[in-house]
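K.L.:
Below is one structure. I have some questions about it.
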Amino acid sequence: MEKEGATAAHRIEVAFANQQKMSDEQRQAIEDIVSSYSFEHWDELIPEIQSVLEMSSQAAAIEALRQMYGADIVSIPRTAQLQGLFDQVNESAIEYSRDRAAEMVGRRWVDGQLVENPNARWAITDSTRDWLREEITSAFEDGLSPAQLGKAIRESQAFTKSRAQMIAHTEIGNANMQTLEAASTAAGATHKRSFLSADHDHDDFCDDAADAGEVPIDYDYGLGFTRPLYHPRCQCSESYYVRKKVSVQ
């Protein structure tokens, strides 16, 4: 035990010494470089992202209402009540898509103008800045040239196709689940249940949500989550029901 403690202490000393090799001036220089990278040109992505999320959300809204009211939900004519419900859910889906598209690139809408959003949730700009910070820090520590740093950044995971695919899966899934929840609630659902994907192969927060079983529709599974997706690449699903009463343990 004493030997293990000495080993741990030595490793901590080495790690601390490595941290001390970088001066305060270098650390500030890194932050200045990261801050100098502007994401304003990413605003051009917002309309495209919004369009994709809108189409996916609207499809999810129709499916939710089909489940609650039957397969002929999209047929014409609709009743006034049903048309009003459909319009309400559709409007909600469009609003979510508009706001989320801006949030993804660290922005938000204020009086019709895009402004910085310091509290953006799961913004791709935040993780991109983290990657840039790591690459630039490594460049300082390893003595890389600007050209070598540029090559490292171009080859970074921050700009790969696989990352784009992961983001697309997560965002479309979140849009669908948000719309499904809103549509089901508006249609009168009172309870819900979270289900694991058939590909789920390790224990995590998803298992806790699924283990909760059937719960009231406003039930919080924890950490503020009331529905999937619970994390990037999450493949959980949610079903909604109309129940008079159900006991929750």
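Just so we're on the same page: first chain in the structure tokens is A, next is B, and so on; residues restart at 1 for each chain, and ligands are numbered from 1 in the order they show up.
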Within 10 Å of Ala168 (chain A), counting only C-alpha atoms, which residues qualify if same-chain residues fewer than 2 places away don't, as an MDAnalysis selection string?

P.N.:
chainID A and resid 49 52:53 162:166 170:174 232:233

K.L.:
Would you mind telling me which residue in A:Ala198, A:Leu85, A:Ile136, A:Ala212 lies nearest to Gln28 (chain A) when using only C-alpha atoms?

P.N.:
A:Ile136

K.L.:
Choose the residue, out of A:Glu134, A:Asp87, A:Asp24, A:Glu116, that has the smallest atom-to-atom separation from Ile153 (chain A); count only C-alpha atoms.

P.N.:
A:Glu134

K.L.:
Using only C-alpha atoms, which protein or nucleic acid residues come within 10 Å of region 185-187 of chain A? Drop anything in the same chain fewer than 4 positions from it, and give the result as an MDAnalysis selection string.

P.N.:
chainID A and resid 64:65 67:69 82 85:86 88:89 179:181 191:192 217:218 240:242

K.L.:
From the DSSP assignment of the backbone, select every residue of region 5-233 of chain A that is alpha helix (DSSP H), and format the answer as a PyMOL selection string.

P.N.:
chain A and resi 5-20+24-36+45-69+80-104+124-142+146-154+161-186+205-211

K.L.:
Can you tell me, as a list in words, what residues are no more than 12 Å from Asp207 (chain A) when counting only C-alpha atoms, ignoring any on the same chain fewer than 6 positions away?

P.N.:
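Counting only C-alpha atoms, the residues come to Ser194, Phe195, Leu196, Ser197, His200, Asp201, Gly213, Tyr221, Gly222, Pro228, Tyr230, Cys234, Gln235 and Cys236 of chain A.
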
K.L.:
Using only C-alpha atoms, find the one residue out of A:Gln178, A:Asn119, A:Ser145, A:Gln26 that sits nearest to Tyr96 (chain A).

P.N.:
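Closest to Tyr96 (chain A) of all the choices is A:Gln178.
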
K.L.:
Which residues are near Asp32 (chain A)? Cut-off 12 Å, only C-alpha atoms, ignore same chain within fewer than 4 positions. Put them as JSON, numbers by chain.

P.N.:
{"A": [25, 26, 27, 28, 36, 37, 38, 129, 132, 133, 136, 137]}

K.L.:
Would you export the selected residues with all heavy atoms as a short mmCIF file (atom, residue, chain, number, x, y, z; two decimals), in the first residue's frame, please?

P.N.:
```cif
data_model
loop_
_atom_site.label_atom_id
_atom_site.label_comp_id
_atom_site.auth_asym_id
_atom_site.auth_seq_id
_atom_site.Cartn_x
_atom_site.Cartn_y
_atom_site.Cartn_z
N GLU A 25 2.14 33.46 -19.66
CA GLU A 25 2.07 34.16 -20.94
C GLU A 25 1.65 33.20 -22.07
O GLU A 25 0.85 33.57 -22.94
CB GLU A 25 3.44 34.79 -21.28
CG GLU A 25 3.83 35.98 -20.41
CD GLU A 25 4.33 35.56 -19.04
OE1 GLU A 25 4.56 34.33 -18.85
OE2 GLU A 25 4.48 36.43 -18.16
N GLN A 26 2.18 31.97 -22.01
CA GLN A 26 1.81 30.99 -23.04
C GLN A 26 0.34 30.60 -22.91
O GLN A 26 -0.37 30.45 -23.91
CB GLN A 26 2.71 29.76 -22.94
CG GLN A 26 4.12 29.99 -23.46
CD GLN A 26 5.00 28.78 -23.24
OE1 GLN A 26 4.99 28.18 -22.17
NE2 GLN A 26 5.78 28.43 -24.26
N ARG A 27 -0.09 30.40 -21.66
CA ARG A 27 -1.50 30.04 -21.46
C ARG A 27 -2.42 31.14 -21.98
O ARG A 27 -3.45 30.88 -22.60
CB ARG A 27 -1.77 29.78 -19.97
CG ARG A 27 -1.11 28.53 -19.41
CD ARG A 27 -1.63 28.20 -18.02
NE ARG A 27 -1.00 27.02 -17.50
CZ ARG A 27 0.10 27.01 -16.76
NH1 ARG A 27 0.69 28.16 -16.46
NH2 ARG A 27 0.63 25.88 -16.32
N GLN A 28 -2.04 32.41 -21.73
CA GLN A 28 -2.84 33.52 -22.20
C GLN A 28 -2.80 33.60 -23.72
O GLN A 28 -3.81 33.90 -24.37
CB GLN A 28 -2.33 34.84 -21.61
CG GLN A 28 -3.19 36.05 -21.96
CD GLN A 28 -4.64 35.88 -21.53
OE1 GLN A 28 -4.91 35.59 -20.37
NE2 GLN A 28 -5.58 36.05 -22.46
N SER A 36 -9.61 34.29 -30.93
CA SER A 36 -9.54 35.01 -32.20
C SER A 36 -10.26 34.29 -33.32
O SER A 36 -10.57 34.88 -34.36
CB SER A 36 -8.08 35.23 -32.61
OG SER A 36 -7.46 34.00 -32.97
N TYR A 37 -10.53 32.98 -33.11
CA TYR A 37 -11.24 32.22 -34.14
C TYR A 37 -12.73 32.56 -34.05
O TYR A 37 -13.39 32.26 -33.07
CB TYR A 37 -11.03 30.72 -33.96
CG TYR A 37 -11.75 29.89 -35.01
CD1 TYR A 37 -11.24 29.78 -36.30
CD2 TYR A 37 -12.94 29.26 -34.72
CE1 TYR A 37 -11.90 29.05 -37.26
CE2 TYR A 37 -13.61 28.52 -35.69
CZ TYR A 37 -13.08 28.42 -36.95
OH TYR A 37 -13.74 27.70 -37.91
N SER A 38 -13.24 33.20 -35.05
CA SER A 38 -14.64 33.63 -35.04
C SER A 38 -15.54 32.56 -35.65
O SER A 38 -15.20 31.95 -36.67
CB SER A 38 -14.79 34.93 -35.84
OG SER A 38 -16.15 35.26 -36.00
N ARG A 129 -14.09 24.69 -29.80
CA ARG A 129 -13.09 25.51 -29.08
C ARG A 129 -12.22 24.63 -28.19
O ARG A 129 -11.01 24.85 -28.07
CB ARG A 129 -13.81 26.58 -28.24
CG ARG A 129 -14.31 27.76 -29.03
CD ARG A 129 -14.70 28.91 -28.11
NE ARG A 129 -15.16 30.07 -28.87
CZ ARG A 129 -16.41 30.33 -29.15
NH1 ARG A 129 -17.36 29.52 -28.71
NH2 ARG A 129 -16.75 31.40 -29.84
N LEU A 132 -9.68 22.95 -30.37
CA LEU A 132 -8.66 23.90 -30.80
C LEU A 132 -7.70 24.21 -29.67
O LEU A 132 -6.48 24.30 -29.87
CB LEU A 132 -9.34 25.20 -31.28
CG LEU A 132 -10.09 25.12 -32.61
CD1 LEU A 132 -10.83 26.44 -32.86
CD2 LEU A 132 -9.14 24.84 -33.76
N ARG A 133 -8.22 24.37 -28.47
CA ARG A 133 -7.38 24.66 -27.31
C ARG A 133 -6.38 23.52 -27.07
O ARG A 133 -5.21 23.75 -26.78
CB ARG A 133 -8.26 24.89 -26.08
CG ARG A 133 -7.50 25.36 -24.85
CD ARG A 133 -8.44 25.69 -23.71
NE ARG A 133 -9.22 26.89 -23.98
CZ ARG A 133 -10.52 26.90 -24.29
NH1 ARG A 133 -11.19 25.75 -24.36
NH2 ARG A 133 -11.15 28.03 -24.52
N ILE A 136 -3.67 23.56 -29.91
CA ILE A 136 -2.73 24.69 -29.77
C ILE A 136 -1.82 24.49 -28.57
O ILE A 136 -0.62 24.78 -28.62
CB ILE A 136 -3.51 26.02 -29.66
CG1 ILE A 136 -4.28 26.26 -30.96
CG2 ILE A 136 -2.55 27.18 -29.41
CD1 ILE A 136 -5.30 27.38 -30.87
N THR A 137 -2.37 23.95 -27.46
CA THR A 137 -1.56 23.66 -26.28
C THR A 137 -0.47 22.65 -26.63
O THR A 137 0.70 22.82 -26.26
CB THR A 137 -2.44 23.11 -25.14
OG1 THR A 137 -3.41 24.10 -24.77
CG2 THR A 137 -1.59 22.78 -23.92
#
```

K.L.:
Measuring between only C-alpha atoms, which one of A:Glu31, A:His169, A:Glu135, A:Asp204 shows the shortest distance to Gln148 (chain A)?

P.N.:
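Nearest candidate to Gln148 (chain A) out of A:Glu31, A:His169, A:Glu135, A:Asp204: A:Glu135.
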
K.L.:
Under the rule that only C-alpha atoms are counted, which of A:Asp142, A:Asp99, A:Asp199, A:Gln83 is the nearest residue to Ala175 (chain A)?

P.N.:
A:Asp99

K.L.:
How many Å lie between CA of Trp109 (chain A) and CA of Glu95 (chain A), rounded to one decimal?

P.N.:
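So the answer is 11.0 Å.
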
K.L.:
Rounded to one decimal, what separation in Å do you get between CA of Thr128 (chain A) and CA of Asp43 (chain A)?

P.N.:
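The value is 15.0 Å.
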